[in-house]
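Written below as structure tokens is the structure these notes are about.
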Amino acid sequence: MIESTSGRRLGALLAAAAVTRAATAALRSRPPGGTARWTRRNYAGRTVELYAGPAAAVGAAAGAAVLPAGPRGAAALAVLAAGACGAYDDVAGAGDPRRGFRAHLGALRSGEVTSGAVKLFGISAAGAAAGALLKERPLDKALAGVVIAGAAHFVNLVDVRPGRACATVLALAAPGLLRKGPGAVVAAASMGAAAAVLPDDIGERAMLGDAGAHALGAALGTAVVAGNGRAGLVLHAAALVAAAVYGDEVSRAAGADLG
């Protein structure tokens, strides 16, 4: 069993890294909608590519494909849905100055469905569905959904400078490799995808965007859920909710300063 888990961890890490690199190259050669849709100006004014984000989502899901059907389905659902919602926000929400949950929920109350609101509810629904696949009791299912969605938003929250989100995923997922079972495999998959993106991210040639940050965060959250019982879920859920509240306050304050 130990050898099997170890082999699956290594296989997940290598598969995630390889698929991420291959998907990046494929998107770069034939960018859907044209090159302009997949380039942005970063904080320093440099032109960077967005291909790494969707590629990381596909890579992390591919790395988890070595798992049995239940955990594999949960990981694929959480990661690919988070990546798709993030990609939608990257494209449809480009240029929208609104930041934070409150801004998008406020727009929704006024009848405007922003890309940020779609992302918020889409990732939350996917996290809840994935959590339901991984846990049996209702309370554990609910906590699992909070952890998966919360982790997705947390990694996006720290993605404010080159390499920071990837480094965060690598650091937080590494302890999960010491566990047995599906959690260790999903942790390895998230690390493989993050490691494949990191050189271009640090070199300011590419950026994760919302697609990559949310997808890697969802993979990290899925690993936490798969590797923890109720006590661990409660602790992680509380920490992630606190981080989300703090991050929303920071985003709101930054928006007020810019205004």
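Chains: A, B, ... in order of the structure tokens. Residues: from 1 per chain. Ligands: from 1, in order shown.
Counting only C-alpha atoms, A:Asp201 has the following residues at most 9 Å away, ignoring those fewer than 2 positions along the same chain: A:Val48, A:Ala52, A:Pro162, A:Gly163, A:Arg164, A:Cys166, A:Val197, A:Leu198, A:Pro199, A:Gly203, A:Glu204, A:Arg205, A:Ala206, A:Met207, A:Leu208.
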> Near A:Leu157, within 9 Å and counting only C-alpha atoms, which residues show up once chain neighbours fewer than 2 positions away are dropped, as a list in words?
Replying inline: Ala152, His153, Phe154, Val155, Asp159, Val160, Ala165, Ala213, Ala243, Ala244 and Gly247 of chain A
>> Quick check for you: according to DSSP on this backbone, which residues of stretch 14-202 of chain A are classed as alpha helix (DSSP H)? Reply as a ChimeraX atom specification.
In response: /A:14-29,52-63,69-92,101-109,115-134,138-158,164-173,182-202
>> So the first atom is atom CA of A:Val118 and the second is atom CA of A:Gly53; what is the distance between them in Å, to one decimal place?
In response: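 Answer for the atom CA of A:Val118 to atom CA of A:Gly53 separation: 17.9 Å.
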>> Here is a test: counting only C-alpha atoms, which residue of A:Asp210, A:Arg28, A:Leu134, A:Val245 is nearest to A:Gly116?
In response: A:Asp210
>> Could you list, as a ChimeraX atom specification, every residue within 12 Å of A:Leu235, counting only C-alpha atoms and ignoring same-chain residues fewer than 3 positions away?
In response: /A:143-144,146-147,224-225,228-232,238-242
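Candidate residues A:Leu139, A:Leu170, A:Ala117, A:Ala129 were compared for distance to A:Leu216, and the nearest is A:Leu170, using only C-alpha atoms.
The spacing separating atom CA of A:Ile123 from atom CA of A:Arg9 amounts to 25.7 Å.
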> Which one of A:Leu133, A:Leu120, A:Leu27, A:Ala22 sits closest to A:Asp89 if you count only C-alpha atoms?
Replying inline: A:Leu120
> With only C-alpha atoms as the basis for distance, which of A:Ala193, A:Ala149, A:Val186, A:Ala57 is at the shortest distance from A:Ala167?
Replying inline: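 The closest residue to A:Ala167 is A:Ala193.
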>> From a backbone DSSP assignment, name each residue in stretch 11-79 of chain A labelled strand (DSSP E or B), as a PyMOL selection string.
In response: chain A and resi 39-41+47-49
Using N, CA, C and O atoms, can you export the residues from the last selection as a short mmCIF file (atom, residue, chain, number, x, y, z; two decimals), in the first residue's frame?
data_model
loop_
_atom_site.label_atom_id
_atom_site.label_comp_id
_atom_site.auth_asym_id
_atom_site.auth_seq_id
_atom_site.Cartn_x
_atom_site.Cartn_y
_atom_site.Cartn_z
N THR A 39 -3.45 37.72 -23.76
CA THR A 39 -2.33 38.52 -23.27
C THR A 39 -2.86 39.63 -22.37
O THR A 39 -3.96 40.13 -22.56
N ARG A 40 -2.06 39.98 -21.38
CA ARG A 40 -2.41 41.04 -20.43
C ARG A 40 -1.16 41.84 -20.07
O ARG A 40 -0.03 41.39 -20.29
N ARG A 41 -1.37 42.96 -19.47
CA ARG A 41 -0.29 43.75 -18.86
C ARG A 41 -0.25 43.42 -17.39
O ARG A 41 -1.28 43.49 -16.70
N THR A 47 3.98 42.70 -20.92
CA THR A 47 2.99 41.86 -21.59
C THR A 47 3.25 40.40 -21.23
O THR A 47 4.37 39.89 -21.41
N VAL A 48 2.23 39.74 -20.70
CA VAL A 48 2.37 38.34 -20.28
C VAL A 48 1.24 37.51 -20.89
O VAL A 48 0.19 38.03 -21.26
N GLU A 49 1.48 36.19 -20.98
CA GLU A 49 0.49 35.27 -21.54
C GLU A 49 -0.41 34.71 -20.45
O GLU A 49 -0.01 34.57 -19.30
#
> What is the atom CA of A:Gly209 to atom CA of A:Asn156 distance in Å?
Replying inline: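 Result for atom CA of A:Gly209 versus atom CA of A:Asn156: 8.1 Å, one decimal.
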>> Please determine, counting only C-alpha atoms, which residue among A:Pro175, A:Gly192, A:Gly183, A:Gly86 has the shortest atom-to-atom distance to A:Ala223.
In response: A:Gly183
>> Using only C-alpha atoms, can you tell me which of A:Leu220, A:Ala92, A:Ala36, A:Leu77 comes closest to A:Thr168?
In response: A:Leu220
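Residues in contact range of A:Thr24, defined as at most 9 Å between only C-alpha atoms, with sequence neighbours fewer than 5 positions away removed, read Val19, Ser29, Tyr51, Ala52, Gly53, Pro54, Ala55 and Ala56 of chain A.
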File of the preceding selection, C-alpha atoms, as a short mmCIF file (atom, residue, chain, number, x, y, z; two decimals), in the first residue's frame:
data_model
loop_
_atom_site.label_atom_id
_atom_site.label_comp_id
_atom_site.auth_asym_id
_atom_site.auth_seq_id
_atom_site.Cartn_x
_atom_site.Cartn_y
_atom_site.Cartn_z
CA VAL A 19 0.17 17.87 -19.34
CA SER A 29 0.18 27.61 -31.03
CA TYR A 51 -2.18 30.27 -21.43
CA ALA A 52 -0.66 28.89 -18.24
CA GLY A 53 -3.92 29.24 -16.32
CA PRO A 54 -6.18 26.90 -18.31
CA ALA A 55 -3.18 24.63 -18.88
CA ALA A 56 -2.61 24.30 -15.12
#
